[in-house]
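S.K.: Supplied structure: coords_36.pdb, PDB, C-alpha atoms.
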ATOM      1  CA  MET W  28      96.940 155.121 115.830
ATOM      2  CA  ASP W  29     100.007 154.275 117.921
ATOM      3  CA  SER W  30     102.954 154.056 115.519
ATOM      4  CA  GLY W  31     105.025 152.284 118.169
ATOM      5  CA  VAL W  32     103.037 149.099 117.661
ATOM      6  CA  PHE W  33     104.314 148.643 114.102
ATOM      7  CA  LYS W  34     108.002 149.369 114.644
ATOM      8  CA  ALA W  35     110.287 147.949 112.009
ATOM      9  CA  ILE W  36     112.769 145.357 113.219
ATOM     10  CA  PRO W  37     116.300 146.759 112.964
ATOM     11  CA  GLU W  38     118.576 144.813 110.603
ATOM     12  CA  ASP W  39     120.912 143.756 113.419
ATOM     13  CA  ASP W  40     118.023 142.254 115.450
ATOM     14  CA  SER W  41     116.781 138.896 114.294
ATOM     15  CA  LEU W  42     113.382 137.479 114.993
ATOM     16  CA  PRO W  43     113.174 135.318 118.086
ATOM     17  CA  LEU W  44     113.136 131.609 117.299
ATOM     18  CA  VAL W  45     109.634 131.235 118.714
ATOM     19  CA  SER W  46     108.369 133.714 116.098
ATOM     20  CA  LEU W  47     109.485 131.357 113.371
ATOM     21  CA  ARG W  48     106.946 128.870 114.696
ATOM     22  CA  LEU W  49     104.302 131.061 113.087
ATOM     23  CA  LEU W  50     105.267 129.385 109.819
ATOM     24  CA  VAL W  51     103.839 126.096 111.061
ATOM     25  CA  PRO W  52     100.118 126.844 110.635
ATOM     26  CA  PRO W  53     100.314 127.122 106.796
ATOM     27  CA  LEU W  54     101.855 123.662 106.753
ATOM     28  CA  GLN W  55      99.016 122.376 108.891
ATOM     29  CA  LEU W  56      96.484 124.096 106.674
ATOM     30  CA  MET W  57      98.001 122.348 103.672
ATOM     31  CA  SER W  58      97.930 119.033 105.542
ATOM     32  CA  ALA W  59      94.254 119.505 106.361
ATOM     33  CA  SER W  60      93.523 120.245 102.728
ATOM     34  CA  MET W  61      95.333 117.075 101.640
ATOM     35  CA  TRP W  62      93.456 115.064 104.268
ATOM     36  CA  GLN W  63      90.167 116.299 102.792
ATOM     37  CA  VAL W  64      91.265 115.067  99.359
ATOM     38  CA  LEU W  65      91.711 111.568 100.783
ATOM     39  CA  LYS W  66      88.520 111.650 102.868
ATOM     40  CA  LYS W  67      86.466 112.713  99.832
ATOM     41  CA  GLN W  68      88.377 110.208  97.676
ATOM     42  CA  ASP W  69      89.083 112.941  95.140
ATOM     43  CA  VAL W  70      91.352 110.631  93.162
ATOM     44  CA  MET W  71      92.137 113.220  90.503
ATOM     45  CA  ASN W  72      94.046 115.147  93.177
ATOM     46  CA  TYR W  73      95.932 112.167  94.640
ATOM     47  CA  TRP W  74      98.996 113.082  92.598
ATOM     48  CA  LYS W  75      99.115 116.449  94.390
ATOM     49  CA  VAL W  76      98.870 114.708  97.755
ATOM     50  CA  ALA W  77     101.756 112.433  96.742
ATOM     51  CA  GLU W  78     103.798 115.482  95.727
ATOM     52  CA  TYR W  79     103.094 117.068  99.123
ATOM     53  CA  VAL W  80     104.123 113.891 100.944
ATOM     54  CA  SER W  81     107.306 113.713  98.856
ATOM     55  CA  LEU W  82     108.142 117.336  99.575
ATOM     56  CA  VAL W  83     107.749 116.910 103.333
ATOM     57  CA  MET W  84     109.555 113.555 103.336
ATOM     58  CA  ASP W  85     112.486 115.053 101.425
ATOM     59  CA  MET W  86     112.832 117.625 104.210
ATOM     60  CA  VAL W  87     112.259 115.165 107.068
ATOM     61  CA  PRO W  88     113.059 111.643 105.786
ATOM     62  CA  GLU W  89     112.795 110.034 109.220
ATOM     63  CA  LEU W  90     109.133 111.074 109.540
ATOM     64  CA  LEU W  91     107.961 107.674 108.233
ATOM     65  CA  MET W  92     109.653 104.349 107.777
ATOM     66  CA  TYR W  93     110.845 103.927 104.194
ATOM     67  CA  LYS W  94     108.363 101.114 103.599
ATOM     68  CA  HIS W  95     105.384 103.252 104.689
ATOM     69  CA  ARG W  96     106.588 106.265 102.728
ATOM     70  CA  THR W  97     106.942 104.100  99.609
ATOM     71  CA  GLN W  98     103.525 102.492 100.112
ATOM     72  CA  LEU W  99     101.886 105.894 100.539
ATOM     73  CA  ASN W 100     103.588 107.522  97.567
ATOM     74  CA  LEU W 101     103.200 104.588  95.207
ATOM     75  CA  GLY W 102      99.652 103.966  96.398
ATOM     76  CA  LEU W 103      98.503 107.524  95.753
ATOM     77  CA  ARG W 104     100.243 107.758  92.395
ATOM     78  CA  ALA W 105      99.063 104.323  91.252
ATOM     79  CA  ARG W 106      95.451 105.116  92.121
ATOM     80  CA  TYR W 107      95.670 108.404  90.207
ATOM     81  CA  ILE W 108      97.145 106.730  87.121
ATOM     82  CA  LEU W 109      94.538 103.979  87.220
ATOM     83  CA  GLU W 110      91.826 106.608  87.384
ATOM     84  CA  LEU W 111      93.290 108.237  84.277
ATOM     85  CA  CYS W 112      93.163 104.865  82.514
ATOM     86  CA  ARG W 113      89.635 104.160  83.732
ATOM     87  CA  ASN W 114      88.306 107.512  82.639
ATOM     88  CA  GLU W 115      85.859 107.319  79.733
ATOM     89  CA  GLN W 116      87.627 110.203  78.043
ATOM     90  CA  VAL W 117      90.786 108.622  76.746
ATOM     91  CA  VAL W 118      93.867 110.340  78.121
ATOM     92  CA  GLU W 119      96.937 110.465  75.900
ATOM     93  CA  PRO W 120      99.127 107.420  76.632
ATOM     94  CA  ASP W 121     102.217 109.668  76.591
ATOM     95  CA  PHE W 122     100.728 111.733  79.425
ATOM     96  CA  ILE W 123     100.128 108.605  81.497
ATOM     97  CA  LEU W 124     103.548 107.152  80.681
ATOM     98  CA  SER W 125     105.243 110.416  81.700
ATOM     99  CA  HIS W 126     103.632 110.034  85.130
ATOM    100  CA  LEU W 127     104.783 106.432  85.375
ATOM    101  CA  ASP W 128     108.412 107.554  85.170
ATOM    102  CA  LYS W 129     107.895 109.515  88.378
ATOM    103  CA  ILE W 130     106.713 106.609  90.539
ATOM    104  CA  LYS W 131     110.013 104.756  90.746
ATOM    105  CA  PRO W 132     111.496 105.036  94.246
ATOM    106  CA  GLN W 133     114.829 106.812  94.625
ATOM    107  CA  ASN W 134     116.463 104.360  97.050
ATOM    108  CA  PRO W 135     115.223 100.845  96.278
ATOM    109  CA  ALA W 136     118.200  99.344  98.157
ATOM    110  CA  LEU W 137     116.567 100.384 101.450
ATOM    111  CA  VAL W 138     113.668  97.941 101.009
ATOM    112  CA  ASP W 139     113.652  94.132 101.024
ATOM    113  CA  ARG W 140     113.999  92.791  97.498
ATOM    114  CA  LYS W 141     110.843  90.709  98.028
ATOM    115  CA  GLU W 142     108.742  93.823  98.493
ATOM    116  CA  SER W 143     110.883  96.243  96.581
ATOM    117  CA  GLY W 144     109.237  99.504  95.623
ATOM    118  CA  GLU W 145     111.140  99.283  92.373
ATOM    119  CA  GLU W 146     109.699  95.840  91.634
ATOM    120  CA  VAL W 147     106.183  97.070  92.391
ATOM    121  CA  ALA W 148     106.720 100.073  90.124
ATOM    122  CA  VAL W 149     107.971  97.865  87.268
ATOM    123  CA  ASN W 150     104.994  95.512  87.624
ATOM    124  CA  PHE W 151     102.634  98.457  87.708
ATOM    125  CA  LEU W 152     104.284  99.928  84.615
ATOM    126  CA  GLU W 153     103.679  96.664  82.752
ATOM    127  CA  LEU W 154     100.050  96.604  83.878
ATOM    128  CA  ILE W 155      99.441 100.141  82.652
ATOM    129  CA  LYS W 156     101.102  99.455  79.303
ATOM    130  CA  THR W 157      98.829  96.429  78.890
ATOM    131  CA  LEU W 158      95.745  98.450  79.812
ATOM    132  CA  LEU W 159      96.668 101.164  77.320
ATOM    133  CA  LYS W 160      97.249  98.705  74.464
ATOM    134  CA  ASP W 161      94.454  96.187  74.983
ATOM    135  CA  PRO W 162      90.895  97.579  75.381
ATOM    136  CA  GLU W 163      89.464  94.147  76.203
ATOM    137  CA  GLU W 164      92.035  93.555  78.951
ATOM    138  CA  ARG W 165      91.328  97.057  80.204
ATOM    139  CA  GLN W 166      87.587  96.391  80.410
ATOM    140  CA  ASP W 167      88.163  93.095  82.246
ATOM    141  CA  PHE W 168      90.604  94.724  84.662
ATOM    142  CA  PHE W 169      88.263  97.570  85.581
ATOM    143  CA  SER W 170      85.208  95.345  85.924
ATOM    144  CA  GLU W 171      86.812  92.493  87.913
ATOM    145  CA  VAL W 172      90.268  93.241  89.316
ATOM    146  CA  PHE W 173      90.006  96.958  90.053
ATOM    147  CA  PRO W 174      87.029  96.785  92.478
ATOM    148  CA  ALA W 175      88.711  94.024  94.482
ATOM    149  CA  GLU W 176      92.286  95.348  94.524
ATOM    150  CA  TYR W 177      91.685  99.110  94.526
ATOM    151  CA  GLY W 178      88.333  99.341  96.270
ATOM    152  CA  PRO W 179      87.309 100.524  99.743
ATOM    153  CA  GLN W 180      90.071  98.623 101.575
ATOM    154  CA  TYR W 181      92.729 100.216  99.363
ATOM    155  CA  ASP W 182      91.325 103.692 100.075
ATOM    156  CA  SER W 183      91.177 102.905 103.780
ATOM    157  CA  ASP W 184      94.818 101.777 103.751
ATOM    158  CA  LEU W 185      95.864 105.020 102.027
ATOM    159  CA  GLN W 186      93.963 107.036 104.630
ATOM    160  CA  THR W 187      95.639 105.086 107.439
ATOM    161  CA  LEU W 188      99.104 105.697 106.016
ATOM    162  CA  PHE W 189      98.357 109.378 105.454
ATOM    163  CA  SER W 190      96.928 109.808 108.958
ATOM    164  CA  GLU W 191     100.132 108.321 110.376
ATOM    165  CA  PHE W 192     102.080 110.802 108.251
ATOM    166  CA  LEU W 193      99.950 113.668 109.601
ATOM    167  CA  PHE W 194     100.251 112.450 113.191
ATOM    168  CA  ARG W 195     104.030 112.340 113.011
ATOM    169  CA  LEU W 196     104.166 115.697 111.283
ATOM    170  CA  ALA W 197     102.017 117.213 114.053
ATOM    171  CA  GLN W 198     104.345 115.724 116.675
ATOM    172  CA  LEU W 199     107.317 117.268 114.912
ATOM    173  CA  LEU W 200     105.744 120.713 114.495
ATOM    174  CA  PRO W 201     103.174 121.373 117.230
ATOM    175  CA  VAL W 202     101.123 124.542 116.898
ATOM    176  CA  PRO W 203     102.428 127.129 119.356
ATOM    177  CA  ASP W 204     100.008 129.043 121.514
ATOM    178  CA  LEU W 205     100.014 132.825 121.820
ATOM    179  CA  ASP W 206     102.293 132.828 124.881
ATOM    180  CA  GLN W 207     104.904 130.796 123.010
ATOM    181  CA  THR W 208     104.930 133.116 119.996
ATOM    182  CA  SER W 209     104.824 136.439 121.846
ATOM    183  CA  PRO W 210     108.134 137.953 122.840
ATOM    184  CA  ASN W 211     108.780 137.635 126.548
ATOM    185  CA  PRO W 212     108.402 141.106 128.128
ATOM    186  CA  LYS W 213     110.963 140.194 130.787
ATOM    187  CA  GLU W 214     113.754 139.906 128.205
TER     188      GLU W 214
END
Starting from the file, give its structure as structure tokens.

M.R.:
Amino acid sequence: MDSGVFKAIPEDDSLPLVSLRLLVPPLQLMSASMWQVLKKQDVMNYWKVAEYVSLVMDMVPELLMYKHRTQLNLGLRARYILELCRNEQVVEPDFILSHLDKIKPQNPALVDRKESGEEVAVNFLELIKTLLKDPEERQDFFSEVFPAEYGPQYDSDLQTLFSEFLFRLAQLLPVPDLDQTSPNPKE
């Protein structure tokens, strides 16, 4: 075996910038995994998708408009929390309430007060508290309101927002081809 192929990079030589692009595919693999969660409507993993979106948006805040970022994050988290409430096996209210604390947006001043993410979060918090306290209200909500407000159109809207997120992420970090990642022999 030719030992010259696996030469160690001397400490004073840094990797060429194009080699760092090799880190992009794991991000795209993660994005594809998150897309599958939404396509399969695996609601119990929506919180993880929201965490992924938050992580990427913290690194690249201009990727989506604030309004779309808030709608995507709140939408995914709200649907997850509602699924916990809807579940036949009663989840501890403290567990659900601990998740509710995490859905408040960090910068509510960036959104119109009419459609404030903070206002939506507060209203949602009140709804969840009501659902946890009142079994009759909970049954009515999940039989009448939930199918209309959080049904197929809601899932479609989440998928649309997430696909826009993925599209913009792909524009920001295109996958390099082999020629772009290989060191140039002329250098």

S.K.: Hey, can you check how far CA of Leu109 in chain W sits from CA of Asp184 in chain W?

M.R.: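 Here the two named atoms are 16.7 Å from each other.
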
S.K.: Around the point (105.7, 106.5, 85.8) (coordinates from the file), which residues reach within 9 Å if we count all atoms listed in the file? Answer as a PyMOL selection string.

M.R.: chain W and resi 104-105+108+123-131+148+151-152

S.K.: Check which residues satisfy the PyMOL selection byres ((chain W and resi 81) around 12) in the file shown, then give them as a PyMOL selection string.

M.R.: chain W and resi 74-80+82-88+90-91+93+96-101+103-104+129-130+132-133+189+192

S.K.: Write out the residues from the selection above, keeping C-alpha atoms, as a compact mmCIF listing (two decimals), keeping the file's coordinate frame.

M.R.:
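Done, and the output landed in selection12.txt:
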# COMPACT_ATOMS: atom_id res chain seq x y z
CA TRP W 74 99.00 113.08 92.60
CA LYS W 75 99.12 116.45 94.39
CA VAL W 76 98.87 114.71 97.76
CA ALA W 77 101.76 112.43 96.74
CA GLU W 78 103.80 115.48 95.73
CA TYR W 79 103.09 117.07 99.12
CA VAL W 80 104.12 113.89 100.94
CA LEU W 82 108.14 117.34 99.58
CA VAL W 83 107.75 116.91 103.33
CA MET W 84 109.56 113.56 103.34
CA ASP W 85 112.49 115.05 101.42
CA MET W 86 112.83 117.62 104.21
CA VAL W 87 112.26 115.16 107.07
CA PRO W 88 113.06 111.64 105.79
CA LEU W 90 109.13 111.07 109.54
CA LEU W 91 107.96 107.67 108.23
CA TYR W 93 110.84 103.93 104.19
CA ARG W 96 106.59 106.26 102.73
CA THR W 97 106.94 104.10 99.61
CA GLN W 98 103.52 102.49 100.11
CA LEU W 99 101.89 105.89 100.54
CA ASN W 100 103.59 107.52 97.57
CA LEU W 101 103.20 104.59 95.21
CA LEU W 103 98.50 107.52 95.75
CA ARG W 104 100.24 107.76 92.40
CA LYS W 129 107.90 109.52 88.38
CA ILE W 130 106.71 106.61 90.54
CA PRO W 132 111.50 105.04 94.25
CA GLN W 133 114.83 106.81 94.62
CA PHE W 189 98.36 109.38 105.45
CA PHE W 192 102.08 110.80 108.25

S.K.: Just checking: using all atoms listed in the file, which residue out of W:Leu188, W:Asp182, W:Arg165, W:Glu153 ends up closest to Tyr107 in chain W?

M.R.: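 Comparing W:Leu188, W:Asp182, W:Arg165, W:Glu153 against Tyr107 in chain W, the winner is W:Asp182.
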
S.K.: Interatomic distance between CA of Val70 in chain W and CA of Glu110 in chain W?

M.R.: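 CA of Glu110 in chain W lies 7.1 Å from CA of Val70 in chain W.
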
S.K.: CA of Cys112 in chain W and CA of Leu158 in chain W are how many Å apart?

M.R.: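 Here the two named atoms are 7.4 Å from each other.
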
S.K.: Hey, which of W:Met71, W:Leu111, W:Ile155, W:Ala59 ends up closest to Phe194 in chain W? Count all atoms listed in the file.

M.R.: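 That would be W:Ala59, the residue with the smallest distance to Phe194 in chain W.
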
S.K.: Since the input lacks atoms, please generate N, CA, C and O atoms for range 182-194 of chain W and provide them as a PDB file, in the frame of the given file.

M.R.:
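New file selection-v3.pdb:
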ATOM      1  N   ASP W 182      91.489 102.299  99.649  1.00  0.00           N
ATOM      2  CA  ASP W 182      91.325 103.692 100.075  1.00  0.00           C
ATOM      3  C   ASP W 182      91.518 103.835 101.580  1.00  0.00           C
ATOM      4  O   ASP W 182      92.139 104.801 102.040  1.00  0.00           O
ATOM      5  N   SER W 183      91.003 102.883 102.329  1.00  0.00           N
ATOM      6  CA  SER W 183      91.177 102.905 103.780  1.00  0.00           C
ATOM      7  C   SER W 183      92.656 102.788 104.166  1.00  0.00           C
ATOM      8  O   SER W 183      93.127 103.492 105.075  1.00  0.00           O
ATOM      9  N   ASP W 184      93.382 101.928 103.477  1.00  0.00           N
ATOM     10  CA  ASP W 184      94.818 101.777 103.751  1.00  0.00           C
ATOM     11  C   ASP W 184      95.577 103.069 103.450  1.00  0.00           C
ATOM     12  O   ASP W 184      96.470 103.459 104.212  1.00  0.00           O
ATOM     13  N   LEU W 185      95.221 103.737 102.345  1.00  0.00           N
ATOM     14  CA  LEU W 185      95.864 105.020 102.027  1.00  0.00           C
ATOM     15  C   LEU W 185      95.566 106.053 103.114  1.00  0.00           C
ATOM     16  O   LEU W 185      96.460 106.796 103.531  1.00  0.00           O
ATOM     17  N   GLN W 186      94.324 106.090 103.577  1.00  0.00           N
ATOM     18  CA  GLN W 186      93.963 107.036 104.630  1.00  0.00           C
ATOM     19  C   GLN W 186      94.715 106.742 105.922  1.00  0.00           C
ATOM     20  O   GLN W 186      95.151 107.665 106.611  1.00  0.00           O
ATOM     21  N   THR W 187      94.900 105.465 106.237  1.00  0.00           N
ATOM     22  CA  THR W 187      95.639 105.086 107.439  1.00  0.00           C
ATOM     23  C   THR W 187      97.093 105.530 107.340  1.00  0.00           C
ATOM     24  O   THR W 187      97.638 106.108 108.287  1.00  0.00           O
ATOM     25  N   LEU W 188      97.712 105.274 106.206  1.00  0.00           N
ATOM     26  CA  LEU W 188      99.104 105.697 106.016  1.00  0.00           C
ATOM     27  C   LEU W 188      99.227 107.213 106.078  1.00  0.00           C
ATOM     28  O   LEU W 188     100.155 107.755 106.686  1.00  0.00           O
ATOM     29  N   PHE W 189      98.292 107.921 105.449  1.00  0.00           N
ATOM     30  CA  PHE W 189      98.357 109.378 105.454  1.00  0.00           C
ATOM     31  C   PHE W 189      98.084 109.935 106.841  1.00  0.00           C
ATOM     32  O   PHE W 189      98.706 110.918 107.250  1.00  0.00           O
ATOM     33  N   SER W 190      97.184 109.313 107.599  1.00  0.00           N
ATOM     34  CA  SER W 190      96.928 109.808 108.958  1.00  0.00           C
ATOM     35  C   SER W 190      98.151 109.598 109.849  1.00  0.00           C
ATOM     36  O   SER W 190      98.442 110.433 110.707  1.00  0.00           O
ATOM     37  N   GLU W 191      98.889 108.513 109.631  1.00  0.00           N
ATOM     38  CA  GLU W 191     100.132 108.321 110.376  1.00  0.00           C
ATOM     39  C   GLU W 191     101.142 109.413 110.002  1.00  0.00           C
ATOM     40  O   GLU W 191     101.823 109.968 110.868  1.00  0.00           O
ATOM     41  N   PHE W 192     101.222 109.717 108.727  1.00  0.00           N
ATOM     42  CA  PHE W 192     102.080 110.802 108.251  1.00  0.00           C
ATOM     43  C   PHE W 192     101.699 112.113 108.945  1.00  0.00           C
ATOM     44  O   PHE W 192     102.559 112.824 109.460  1.00  0.00           O
ATOM     45  N   LEU W 193     100.411 112.422 108.972  1.00  0.00           N
ATOM     46  CA  LEU W 193      99.950 113.668 109.601  1.00  0.00           C
ATOM     47  C   LEU W 193     100.220 113.680 111.104  1.00  0.00           C
ATOM     48  O   LEU W 193     100.613 114.711 111.657  1.00  0.00           O
ATOM     49  N   PHE W 194     100.007 112.553 111.761  1.00  0.00           N
ATOM     50  CA  PHE W 194     100.251 112.450 113.191  1.00  0.00           C
ATOM     51  C   PHE W 194     101.716 112.740 113.506  1.00  0.00           C
ATOM     52  O   PHE W 194     102.027 113.515 114.409  1.00  0.00           O
TER      53      PHE W 194
END
